[in-house]
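The file run-v1.txt contains compact mmCIF, C-alpha atoms:
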# COMPACT_ATOMS: atom_id res chain seq x y z
CA MET A 1 -19.28 5.98 -1.83
CA ARG A 2 -21.94 5.58 0.79
CA ALA A 3 -23.07 4.14 4.05
CA TYR A 4 -26.49 2.54 4.00
CA ALA A 5 -28.79 2.17 6.97
CA LEU A 6 -31.81 -0.11 6.98
CA VAL A 7 -34.38 0.51 9.71
CA THR A 8 -37.01 -2.13 10.41
CA PRO A 9 -39.70 -2.37 13.13
CA ARG A 10 -39.67 -4.85 16.01
CA LYS A 11 -42.54 -6.36 17.97
CA ASP A 12 -40.74 -6.07 21.29
CA ASN A 13 -39.56 -2.97 23.14
CA LYS A 14 -35.92 -3.21 22.12
CA VAL A 15 -33.61 -1.15 19.95
CA ARG A 16 -31.08 -3.25 18.08
CA LEU A 17 -27.90 -1.82 16.52
CA LEU A 18 -26.45 -4.09 13.86
CA LEU A 19 -23.09 -3.22 12.29
CA PRO A 20 -21.96 -6.43 10.53
CA ASP A 21 -18.75 -4.89 9.23
CA VAL A 22 -17.35 -4.39 12.73
CA ASP A 23 -19.07 -7.39 14.30
CA VAL A 24 -21.50 -5.31 16.38
CA ASP A 25 -24.91 -6.75 17.19
CA ILE A 26 -26.33 -5.30 20.38
CA ALA A 27 -29.87 -4.79 21.62
CA PHE A 28 -31.01 -2.31 24.27
CA ASP A 29 -34.26 -2.03 26.17
CA LYS A 30 -35.84 1.28 25.22
CA SER A 31 -36.41 2.01 28.88
CA THR A 32 -32.66 1.65 29.47
CA LEU A 33 -31.78 3.95 26.57
CA GLY A 34 -34.30 6.42 27.96
CA ARG A 35 -32.18 6.73 31.11
CA VAL A 36 -29.31 8.21 29.10
CA ASN A 37 -29.34 11.95 29.78
CA ILE A 38 -26.96 13.87 27.52
CA GLY A 39 -28.14 17.23 28.89
CA GLY A 40 -25.75 17.02 31.80
CA LEU A 41 -22.67 16.30 29.70
CA GLY A 42 -20.03 18.96 29.27
CA HIS A 43 -18.87 17.38 26.01
CA PRO A 44 -20.34 14.55 23.88
CA ALA A 45 -17.22 12.41 24.50
CA GLU A 46 -18.25 12.22 28.16
CA ILE A 47 -21.06 9.85 27.14
CA GLU A 48 -18.74 6.93 27.92
CA THR A 49 -18.73 7.84 31.62
CA GLN A 50 -22.51 7.97 31.78
CA VAL A 51 -23.03 4.88 29.68
CA SER A 52 -20.81 2.83 31.96
CA GLU A 53 -23.31 3.52 34.72
CA VAL A 54 -26.43 2.70 32.67
CA ILE A 55 -25.54 0.42 29.75
CA LYS A 56 -22.94 -2.27 29.22
CA VAL A 57 -21.14 -1.46 25.97
CA PRO A 58 -18.83 -4.26 24.81
CA GLU A 59 -15.15 -3.65 24.13
CA GLY A 60 -13.87 -4.07 20.60
CA PRO A 61 -13.53 -2.28 17.24
CA GLY A 62 -17.16 -1.14 17.23
CA ARG A 63 -17.27 0.31 20.75
CA THR A 64 -16.99 3.94 19.66
CA ALA A 65 -19.73 3.45 17.09
CA VAL A 66 -22.03 2.04 19.78
CA LEU A 67 -21.27 4.97 22.09
CA ALA A 68 -22.06 7.43 19.29
CA PHE A 69 -25.37 5.69 18.61
CA VAL A 70 -26.34 5.77 22.30
CA TYR A 71 -25.50 9.48 22.45
CA LEU A 72 -27.49 10.28 19.30
CA TYR A 73 -30.47 8.26 20.44
CA GLY A 74 -30.45 9.91 23.86
CA GLY A 75 -30.30 13.36 22.32
CA VAL A 76 -32.67 13.02 19.37
CA PHE A 77 -35.39 11.18 21.31
CA ALA A 78 -35.02 13.18 24.54
CA ASP A 79 -38.17 15.28 24.01
CA VAL A 80 -40.24 12.75 22.06
CA GLN A 81 -43.24 11.18 23.77
CA GLY A 82 -45.67 8.41 22.85
CA PRO A 83 -44.53 6.73 19.63
CA ARG A 84 -40.96 6.32 20.85
CA ASP A 85 -42.23 3.92 23.51
CA ALA A 86 -44.72 2.08 21.31
CA ALA A 87 -42.34 -0.30 19.57
CA GLY A 88 -38.69 -1.08 19.07
CA PHE A 89 -36.69 -1.07 15.88
CA THR A 90 -33.50 -2.42 14.37
CA VAL A 91 -31.02 -0.22 12.55
CA CYS A 92 -28.41 -1.93 10.39
CA VAL A 93 -25.58 -0.02 8.72
CA ARG A 94 -23.45 -1.42 5.90
CA SER A 95 -20.42 -0.29 3.93
CA LEU A 96 -17.51 -1.78 2.00
CA LEU A 97 -14.65 0.48 3.02
CA PRO A 98 -11.76 -0.52 5.30
CA VAL A 99 -11.19 0.48 8.92
CA GLY A 100 -9.32 3.68 9.80
CA SER A 101 -8.63 4.54 6.18
CA GLY A 102 -8.86 8.34 6.29
CA LEU A 103 -12.06 8.48 4.26
CA GLY A 104 -14.40 10.02 6.83
CA SER A 105 -15.93 6.72 7.86
CA SER A 106 -17.16 7.76 11.29
CA ALA A 107 -18.69 10.94 9.90
CA ALA A 108 -20.84 9.12 7.38
CA LEU A 109 -21.93 6.62 10.02
CA ASN A 110 -23.00 9.48 12.27
CA VAL A 111 -24.78 11.26 9.41
CA THR A 112 -26.63 8.08 8.52
CA LEU A 113 -27.66 7.35 12.11
CA SER A 114 -28.63 10.98 12.74
CA ALA A 115 -30.85 11.10 9.67
CA ALA A 116 -32.52 7.81 10.54
CA LEU A 117 -33.22 8.76 14.16
CA LEU A 118 -34.39 12.27 13.32
CA ARG A 119 -36.78 10.88 10.73
CA LEU A 120 -38.09 8.22 13.10
CA CYS A 121 -39.11 10.85 15.64
CA GLY A 122 -40.56 13.16 12.99
CA LYS A 123 -38.02 15.96 13.31
CA ILE A 124 -37.09 15.98 9.63
CA ASP A 125 -39.09 15.40 6.48
CA ALA A 126 -38.76 12.17 4.51
CA SER A 127 -37.12 13.99 1.60
CA ILE A 128 -34.56 15.90 3.72
CA ALA A 129 -35.05 18.56 1.06
CA THR A 130 -34.86 21.70 3.17
CA ALA A 131 -31.73 23.45 4.34
CA GLU A 132 -33.08 23.32 7.89
CA ASP A 133 -33.38 19.51 7.78
CA LYS A 134 -29.84 19.05 6.51
CA LEU A 135 -28.44 21.50 9.02
CA LEU A 136 -30.15 19.54 11.81
CA VAL A 137 -28.73 16.25 10.52
CA ASN A 138 -25.29 17.83 10.27
CA GLU A 139 -25.50 19.26 13.79
CA TRP A 140 -26.25 15.89 15.35
CA ALA A 141 -23.70 14.11 13.16
CA PHE A 142 -21.04 16.54 14.36
CA ARG A 143 -21.92 15.68 17.95
CA GLY A 144 -21.49 12.01 17.08
CA GLU A 145 -18.07 12.90 15.65
CA GLN A 146 -17.21 14.57 18.93
CA VAL A 147 -17.96 11.29 20.69
CA ALA A 148 -15.51 9.55 18.36
CA HIS A 149 -12.73 12.11 17.98
CA GLY A 150 -13.07 14.72 20.71
CA THR A 151 -12.36 17.82 18.60
CA PRO A 152 -13.22 17.04 14.96
CA SER A 153 -13.07 19.78 12.35
CA GLY A 154 -16.61 19.14 11.11
CA ILE A 155 -15.64 18.87 7.46
CA ASP A 156 -16.26 15.12 7.13
CA ASN A 157 -19.81 15.18 8.46
CA SER A 158 -20.57 18.29 6.36
CA ILE A 159 -19.47 16.55 3.16
CA ALA A 160 -21.45 13.41 4.03
CA THR A 161 -24.54 15.52 4.77
CA PHE A 162 -24.53 18.05 1.95
CA GLY A 163 -22.61 16.15 -0.73
CA GLY A 164 -20.98 17.75 -3.77
CA PHE A 165 -17.88 19.88 -3.31
CA LEU A 166 -17.73 22.18 -0.29
CA GLN A 167 -15.45 24.90 0.98
CA TYR A 168 -15.30 24.45 4.72
CA THR A 169 -13.90 26.61 7.51
CA ARG A 170 -14.30 25.51 11.10
CA GLY A 171 -17.04 27.47 12.84
CA GLN A 172 -18.57 28.69 9.58
CA ALA A 173 -21.35 27.34 7.39
CA PRO A 174 -19.99 25.27 4.48
CA ILE A 175 -20.02 26.93 1.06
CA ASN A 176 -21.36 24.88 -1.84
CA LEU A 177 -18.94 25.34 -4.72
CA GLY A 178 -21.67 24.71 -7.27
CA SER A 179 -19.69 22.21 -9.33
CA SER A 180 -21.61 19.55 -11.24
CA HIS A 181 -18.49 17.85 -12.59
CA ALA A 182 -17.92 14.62 -10.67
CA LEU A 183 -14.31 13.45 -10.59
CA ARG A 184 -13.15 9.90 -11.10
CA VAL A 185 -10.76 8.77 -8.40
CA LEU A 186 -8.86 5.67 -7.40
CA ILE A 187 -8.85 4.95 -3.67
CA THR A 188 -5.94 2.74 -2.59
CA ASN A 189 -5.85 1.17 0.84
CA THR A 190 -2.37 0.75 2.30
CA ASN A 191 -3.76 -1.73 4.87
CA VAL A 192 -1.65 0.15 7.43
CA PRO A 193 -3.64 0.96 10.61
CA LYS A 194 -3.19 4.48 11.96
CA SER A 195 -4.44 6.72 14.73
CA THR A 196 -5.90 10.09 13.76
CA LYS A 197 -5.54 11.41 17.30
CA ALA A 198 -1.85 10.46 17.52
CA LEU A 199 -1.03 11.94 14.10
CA VAL A 200 -2.82 15.21 14.82
CA ALA A 201 -1.07 15.42 18.19
CA GLY A 202 2.28 14.89 16.47
CA VAL A 203 1.70 17.80 14.08
CA ARG A 204 0.57 19.98 16.98
CA THR A 205 3.77 19.17 18.88
CA LEU A 206 5.87 19.92 15.82
CA ARG A 207 4.14 23.27 15.34
CA ASP A 208 4.59 24.19 18.99
CA SER A 209 8.32 23.53 18.76
CA LEU A 210 8.93 25.12 15.32
CA PRO A 211 6.13 27.63 14.66
CA ALA A 212 8.20 29.75 12.26
CA VAL A 213 8.81 26.68 10.10
CA ILE A 214 5.48 24.88 10.36
CA ASP A 215 3.07 27.83 10.10
CA PRO A 216 4.10 28.68 6.51
CA ILE A 217 3.55 25.03 5.53
CA LEU A 218 0.06 25.11 7.02
CA GLU A 219 -0.63 28.40 5.23
CA SER A 220 0.47 26.83 1.94
CA ILE A 221 -1.90 23.90 2.50
CA HIS A 222 -4.68 26.40 3.20
CA GLY A 223 -3.78 28.20 -0.03
CA ILE A 224 -4.10 24.92 -1.93
CA SER A 225 -7.62 24.46 -0.56
CA LEU A 226 -8.58 27.97 -1.65
CA ARG A 227 -7.13 27.39 -5.12
CA ALA A 228 -9.04 24.12 -5.48
CA ALA A 229 -12.25 25.94 -4.53
CA GLU A 230 -11.57 28.54 -7.22
CA LEU A 231 -11.01 25.81 -9.81
CA PHE A 232 -14.31 24.13 -9.06
CA GLN A 233 -16.20 27.40 -9.14
CA THR A 234 -14.70 28.58 -12.44
CA ASN A 235 -14.26 25.30 -14.35
CA GLY A 236 -16.99 22.94 -13.19
CA ILE A 237 -20.18 24.93 -12.63
CA ALA A 238 -23.38 23.60 -14.11
CA ASP A 239 -24.37 26.87 -15.82
CA GLN A 240 -21.10 27.05 -17.72
CA GLY A 241 -21.27 23.48 -18.98
CA SER A 242 -18.46 20.98 -19.03
CA ASN A 243 -16.75 20.70 -22.39
CA ASP A 244 -13.46 18.87 -22.86
CA MET A 245 -11.36 22.05 -22.55
CA HIS A 246 -12.89 22.90 -19.17
CA ILE A 247 -12.43 19.36 -17.87
CA ASP A 248 -8.85 19.13 -19.13
CA GLU A 249 -7.91 22.44 -17.53
CA LEU A 250 -9.59 21.55 -14.26
CA GLU A 251 -7.95 18.14 -14.03
CA ALA A 252 -4.49 19.36 -15.06
CA GLN A 253 -4.42 22.03 -12.37
CA LEU A 254 -5.90 19.68 -9.77
CA GLN A 255 -3.21 17.10 -10.57
CA GLU A 256 -0.48 19.63 -9.81
CA ILE A 257 -1.91 20.92 -6.55
CA ILE A 258 -2.59 17.34 -5.39
CA ARG A 259 1.12 16.57 -5.84
CA ILE A 260 2.13 19.72 -3.97
CA ASN A 261 -0.40 19.05 -1.21
CA HIS A 262 0.95 15.56 -0.56
CA ARG A 263 4.55 16.79 -0.41
CA LEU A 264 3.63 19.46 2.11
CA LEU A 265 1.78 16.93 4.25
CA ALA A 266 4.76 14.58 4.07
CA THR A 267 6.93 17.43 5.36
CA LEU A 268 4.70 17.51 8.45
CA GLY A 269 5.56 13.85 9.10
CA VAL A 270 2.14 12.35 8.36
CA SER A 271 3.03 10.27 5.31
CA HIS A 272 4.15 6.64 5.37
CA PRO A 273 6.40 4.50 3.12
CA ALA A 274 3.32 2.71 1.80
CA LEU A 275 1.73 6.03 0.83
CA GLU A 276 4.94 7.12 -0.89
CA ARG A 277 5.00 3.86 -2.84
CA ILE A 278 1.44 4.46 -4.05
CA CYS A 279 2.41 7.96 -5.22
CA GLU A 280 5.40 6.49 -7.06
CA ILE A 281 3.37 3.80 -8.85
CA THR A 282 0.47 6.03 -9.92
CA SER A 283 2.85 8.71 -11.19
CA SER A 284 5.29 6.45 -13.05
CA THR A 285 2.67 4.09 -14.53
CA GLY A 286 -0.18 6.46 -15.26
CA GLY A 287 1.11 9.99 -14.80
CA MET A 288 -1.54 10.47 -12.11
CA ALA A 289 -1.21 12.52 -8.94
CA SER A 290 -1.93 10.94 -5.55
CA LYS A 291 -2.11 12.16 -1.97
CA LEU A 292 -2.78 10.77 1.46
CA THR A 293 -6.29 11.04 2.88
CA GLY A 294 -7.46 12.05 6.32
CA ALA A 295 -4.69 12.34 8.89
CA GLY A 296 -2.30 10.16 6.87
CA GLY A 297 0.13 7.78 8.55
CA GLY A 298 -1.37 4.85 6.63
CA GLY A 299 -5.00 4.42 5.69
CA CYS A 300 -5.77 5.31 2.10
CA ALA A 301 -4.40 7.39 -0.74
CA LEU A 302 -6.52 9.20 -3.31
CA THR A 303 -5.51 9.33 -6.98
CA LEU A 304 -7.16 11.64 -9.48
CA VAL A 305 -7.92 9.70 -12.68
CA PRO A 306 -8.22 11.93 -15.79
CA HIS A 307 -11.53 11.50 -17.60
CA SER A 308 -9.56 10.45 -20.68
CA ALA A 309 -8.07 7.52 -18.73
CA ALA A 310 -11.29 6.32 -17.08
CA GLY A 311 -11.76 2.63 -17.83
CA SER A 312 -8.65 2.60 -20.02
CA LYS A 313 -5.72 0.19 -20.18
CA THR A 314 -3.67 2.80 -18.35
CA GLU A 315 -6.05 2.82 -15.40
CA SER A 316 -6.13 -0.99 -15.39
CA LYS A 317 -2.32 -1.11 -15.41
CA VAL A 318 -2.11 1.30 -12.47
CA VAL A 319 -4.55 -0.83 -10.49
CA ALA A 320 -2.72 -4.04 -11.38
CA ASP A 321 0.66 -2.61 -10.33
CA LEU A 322 -0.77 -1.40 -7.02
CA GLU A 323 -2.39 -4.76 -6.30
CA ASP A 324 0.84 -6.54 -7.17
CA ASP A 325 2.40 -4.54 -4.34
CA GLY A 326 -0.29 -5.79 -1.95
CA PHE A 327 -2.56 -2.76 -1.95
CA GLN A 328 -6.35 -2.83 -2.23
CA CYS A 329 -7.94 -0.59 -4.87
CA TYR A 330 -11.37 0.95 -5.37
CA CYS A 331 -12.45 2.87 -8.46
CA THR A 332 -15.20 5.40 -7.80
CA ALA A 333 -16.21 9.05 -8.23
CA VAL A 334 -16.48 11.98 -5.85
CA GLY A 335 -18.91 14.85 -5.89
CA GLY A 336 -22.20 12.97 -5.50
CA SER A 337 -25.30 13.83 -3.51
CA GLY A 338 -25.37 13.92 0.28
CA VAL A 339 -27.68 12.29 2.79
CA CYS A 340 -31.06 11.09 1.54
CA ILE A 341 -33.87 8.74 2.55
CA GLU A 342 -35.75 6.13 0.58
CA ASN A 343 -38.92 4.53 1.89
CA GLY A 344 -38.72 0.88 1.06
CA VAL A 345 -36.15 -1.60 -0.14
CA GLY A 346 -36.48 -4.79 -2.11
CA ALA A 347 -35.59 -7.17 0.70
CA ALA A 348 -37.94 -9.18 2.88
CA THR A 349 -35.53 -9.56 5.81
CA ILE A 350 -32.52 -7.82 7.29
CA GLU A 351 -30.45 -10.88 6.43
CA GLN A 352 -31.41 -10.58 2.75
CA TRP A 353 -30.52 -6.91 2.78
CA ILE A 354 -27.15 -7.51 4.41
CA GLU A 355 -26.25 -10.06 1.76
CA GLY A 356 -27.62 -8.26 -1.28
CA MET A 357 -27.62 -4.51 -0.81
CA LEU A 358 -23.93 -3.86 -1.38
CA ASP A 359 -23.88 -5.13 -4.95
CA GLN A 360 -27.26 -3.53 -5.70
CA HIS A 361 -26.76 -0.08 -4.24
CA LEU A 362 -23.17 0.93 -3.49
CA SER A 363 -21.55 3.30 -5.95
CA LEU A 364 -18.19 1.94 -4.83
CA VAL A 365 -16.70 -0.74 -7.08
CA PRO A 366 -13.96 -2.67 -5.27
CA SER A 367 -11.33 -4.41 -7.33
CA ARG A 368 -11.21 -6.99 -4.57
CA ARG A 369 -13.41 -7.90 -1.59
CA ARG A 370 -12.59 -6.94 1.97
CA LEU A 371 -9.41 -8.33 3.50
CA ASP A 372 -9.65 -11.01 6.13
CA ARG A 373 -11.12 -9.30 9.22
CA LYS A 374 -9.14 -11.39 11.72
CA ALA A 375 -5.85 -10.59 10.01
CA ASP A 376 -6.77 -6.90 9.96
CA ALA A 377 -7.59 -6.97 13.67
CA ALA A 378 -4.32 -8.73 14.48
CA ASN A 379 -2.34 -5.99 12.75
CA ARG A 380 -4.26 -3.10 14.32
CA ALA A 381 -2.44 -0.74 16.65
CA PRO A 382 -4.13 -0.40 20.07
CA ASP A 383 -5.03 3.25 19.41
CA ALA A 384 -5.94 2.84 15.74
CA ASP A 385 -9.15 4.40 14.45
CA GLU A 386 -12.05 2.06 15.00
CA TYR A 387 -14.63 2.78 12.34
CA LEU A 388 -15.19 0.67 9.29
CA GLY A 389 -15.11 3.06 6.40
CA ILE A 390 -18.36 4.77 5.65
CA VAL A 391 -17.97 7.91 3.66
CA SER A 392 -21.40 9.19 2.77
CA GLY A 393 -24.59 9.09 4.73
CA PHE A 394 -27.70 7.38 3.37
CA SER A 395 -30.74 6.18 5.27
CA ILE A 396 -33.35 3.74 4.01
CA LEU A 397 -36.48 3.66 6.13
CA PRO A 398 -39.46 1.50 5.10
CA SER A 399 -42.75 3.39 5.26
CA SER A 400 -44.05 0.90 7.84
CA VAL A 401 -41.36 2.07 10.23
CA ILE A 402 -42.31 5.69 9.76
CA ALA A 403 -45.97 4.91 10.33
CA MET A 404 -45.30 2.86 13.44
CA LEU A 405 -42.67 4.98 15.16
CA ALA A 406 -42.94 8.58 14.00
CA PRO A 407 -45.49 11.05 15.37
CA ASN A 408 -48.38 11.89 13.06
CA GLN A 409 -47.52 14.69 10.68
CA HIS A 410 -50.13 17.32 9.85
Please lay out the structure from this file as structure tokens.
Amino acid sequence: MRAYALVTPRKDNKVRLLLPDVDVDIAFDKSTLGRVNIGGLGHPAEIETQVSEVIKVPEGPGRTAVLAFVYLYGGVFADVQGPRDAAGFTVCVRSLLPVGSGLGSSAALNVTLSAALLRLCGKIDASIATAEDKLLVNEWAFRGEQVAHGTPSGIDNSIATFGGFLQYTRGQAPINLGSSHALRVLITNTNVPKSTKALVAGVRTLRDSLPAVIDPILESIHGISLRAAELFQTNGIADQGSNDMHIDELEAQLQEIIRINHRLLATLGVSHPALERICEITSSTGGMASKLTGAGGGGCALTLVPHSAAGSKTESKVVADLEDDGFQCYCTAVGGSGVCIENGVGAATIEQWIEGMLDQHLSLVPSRRRLDRKADAANRAPDADEYLGIVSGFSILPSSVIAMLAPNQH
């Protein structure tokens, strides 16, 4: 499941940000963007104060995404001279996933934008093959996450950057678990808007009032994460191979800890009746474990589909039952590669790319197309998360853009 960014050159001196999925189409003069100075900010989220003095950013669902882009541009291009002023460019990002769904949408957007901007100014190689390049992308993407969420954990942008399966602890470098066994999952959208900030604040308040009760629950959730890491390292590593016994054992144990994980999270008050209904359907119809994603409170649920049930009548019945209840389902796999760049796409215009790239490139297979955007907006809570789901960074930069905008590489 990926976000895709197309970068194309312009003949004028403007930078255009095009996010069709959240109805953002805004162009900036490069000279105006150049006036954004992030060096004086105490925290990336303070960019809104500075931007209000320099740039007019429209209100609406895409406002936070625009602010993150302005911050990233101001930071990445701050010390670049010459080519950055030679020509403008358009960056267009596309994805299929729904708004505020708990799938790390803002992180992948920030990873995608960071990779594109860093490549344009020559600060990373076209292949993003080195650890240093990926760390740089991840660092800037995390700053973009800070614009969006204030105090993000950093796990979402790390997954979108490095891909695969990671063990992540805040403040520490992510550990690659070395698993080559991708897992088939069903993502189910409740279509219930939620606010990550409000849900996290609620858990924090609960912990402050009942630390002796809540701390053991949090420790148990941490223990589940450690156990999952052990399972990937011992049952899914490439050197060991993946025979049916290994896969069966891995999936059986993952199913159980997914069930336990969801129950613990529900105890913290971050579930929702729609999420509980999804767990009920997937368990009773297919014997599959489900859990909430992200901060919960709505958004999406994740269901682990056993490899033996992939593409089967059982999986189809689970999807049909969920859709009969009004949910929106996506069948996909997790554990793929992280951020990457391709030079060149098979589209003559941005418009062609917008219309055709999703079917051609996305690994996500929706059982149904996006819900009506106006209806979704009408049902959105005022403080609901604003990003349209983008869960893995991917940048596509035509070679002509690199040649025109990036400094010469020797």
Which residues are close to Cys300 of chain A, i.e. within 12 Å by only C-alpha atoms, leaving aside same-chain residues fewer than 2 positions away? Reply as a PDB file with C-alpha atoms, in the coordinates of the input.
ATOM      1  CA  LEU A  97     -14.650   0.480   3.020  1.00  0.00           C
ATOM      2  CA  PRO A  98     -11.760  -0.520   5.300  1.00  0.00           C
ATOM      3  CA  VAL A  99     -11.190   0.480   8.920  1.00  0.00           C
ATOM      4  CA  GLY A 100      -9.320   3.680   9.800  1.00  0.00           C
ATOM      5  CA  SER A 101      -8.630   4.540   6.180  1.00  0.00           C
ATOM      6  CA  GLY A 102      -8.860   8.340   6.290  1.00  0.00           C
ATOM      7  CA  LEU A 103     -12.060   8.480   4.260  1.00  0.00           C
ATOM      8  CA  GLY A 104     -14.400  10.020   6.830  1.00  0.00           C
ATOM      9  CA  SER A 105     -15.930   6.720   7.860  1.00  0.00           C
ATOM     10  CA  LEU A 186      -8.860   5.670  -7.400  1.00  0.00           C
ATOM     11  CA  ILE A 187      -8.850   4.950  -3.670  1.00  0.00           C
ATOM     12  CA  THR A 188      -5.940   2.740  -2.590  1.00  0.00           C
ATOM     13  CA  ASN A 189      -5.850   1.170   0.840  1.00  0.00           C
ATOM     14  CA  THR A 190      -2.370   0.750   2.300  1.00  0.00           C
ATOM     15  CA  ASN A 191      -3.760  -1.730   4.870  1.00  0.00           C
ATOM     16  CA  VAL A 192      -1.650   0.150   7.430  1.00  0.00           C
ATOM     17  CA  PRO A 193      -3.640   0.960  10.610  1.00  0.00           C
ATOM     18  CA  LYS A 194      -3.190   4.480  11.960  1.00  0.00           C
ATOM     19  CA  SER A 271       3.030  10.270   5.310  1.00  0.00           C
ATOM     20  CA  HIS A 272       4.150   6.640   5.370  1.00  0.00           C
ATOM     21  CA  ALA A 274       3.320   2.710   1.800  1.00  0.00           C
ATOM     22  CA  LEU A 275       1.730   6.030   0.830  1.00  0.00           C
ATOM     23  CA  GLU A 276       4.940   7.120  -0.890  1.00  0.00           C
ATOM     24  CA  ARG A 277       5.000   3.860  -2.840  1.00  0.00           C
ATOM     25  CA  ILE A 278       1.440   4.460  -4.050  1.00  0.00           C
ATOM     26  CA  CYS A 279       2.410   7.960  -5.220  1.00  0.00           C
ATOM     27  CA  SER A 290      -1.930  10.940  -5.550  1.00  0.00           C
ATOM     28  CA  LYS A 291      -2.110  12.160  -1.970  1.00  0.00           C
ATOM     29  CA  LEU A 292      -2.780  10.770   1.460  1.00  0.00           C
ATOM     30  CA  THR A 293      -6.290  11.040   2.880  1.00  0.00           C
ATOM     31  CA  GLY A 294      -7.460  12.050   6.320  1.00  0.00           C
ATOM     32  CA  ALA A 295      -4.690  12.340   8.890  1.00  0.00           C
ATOM     33  CA  GLY A 296      -2.300  10.160   6.870  1.00  0.00           C
ATOM     34  CA  GLY A 297       0.130   7.780   8.550  1.00  0.00           C
ATOM     35  CA  GLY A 298      -1.370   4.850   6.630  1.00  0.00           C
ATOM     36  CA  LEU A 302      -6.520   9.200  -3.310  1.00  0.00           C
ATOM     37  CA  THR A 303      -5.510   9.330  -6.980  1.00  0.00           C
ATOM     38  CA  PHE A 327      -2.560  -2.760  -1.950  1.00  0.00           C
ATOM     39  CA  GLN A 328      -6.350  -2.830  -2.230  1.00  0.00           C
ATOM     40  CA  CYS A 329      -7.940  -0.590  -4.870  1.00  0.00           C
ATOM     41  CA  TYR A 330     -11.370   0.950  -5.370  1.00  0.00           C
ATOM     42  CA  GLY A 389     -15.110   3.060   6.400  1.00  0.00           C
TER      43      GLY A 389
END
>> Just checking: using all atoms listed in the file, which residue out of A:Leu18, A:Ile159, A:Ile38, A:Ala68 ends up closest to Gly335 of chain A?
In response: A:Ile159
> So how far away is atom CA of Arg259 of chain A from atom CA of Glu323 of chain A, in Å?
Replying inline: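 Taking atom CA of Glu323 of chain A and atom CA of Arg259 of chain A, their separation equals 21.6 Å.
The coordinates place atom CA of Gly74 of chain A at 12.7 Å from atom CA of Asp29 of chain A.
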> So which residues touch Trp140 of chain A within 9 Å, counting only C-alpha atoms, skipping near sequence neighbours fewer than 4 positions away, as number ranges by chain?
Replying inline: A: 72, 75-76, 110-111, 114-115, 135-136, 144-145
>> Just want the 9 Å neighbourhood of Ser153 of chain A, counted on only C-alpha atoms, with same-chain residues fewer than 5 positions away dropped. Output as a ChimeraX atom specification.
In response: /A:142,169-171
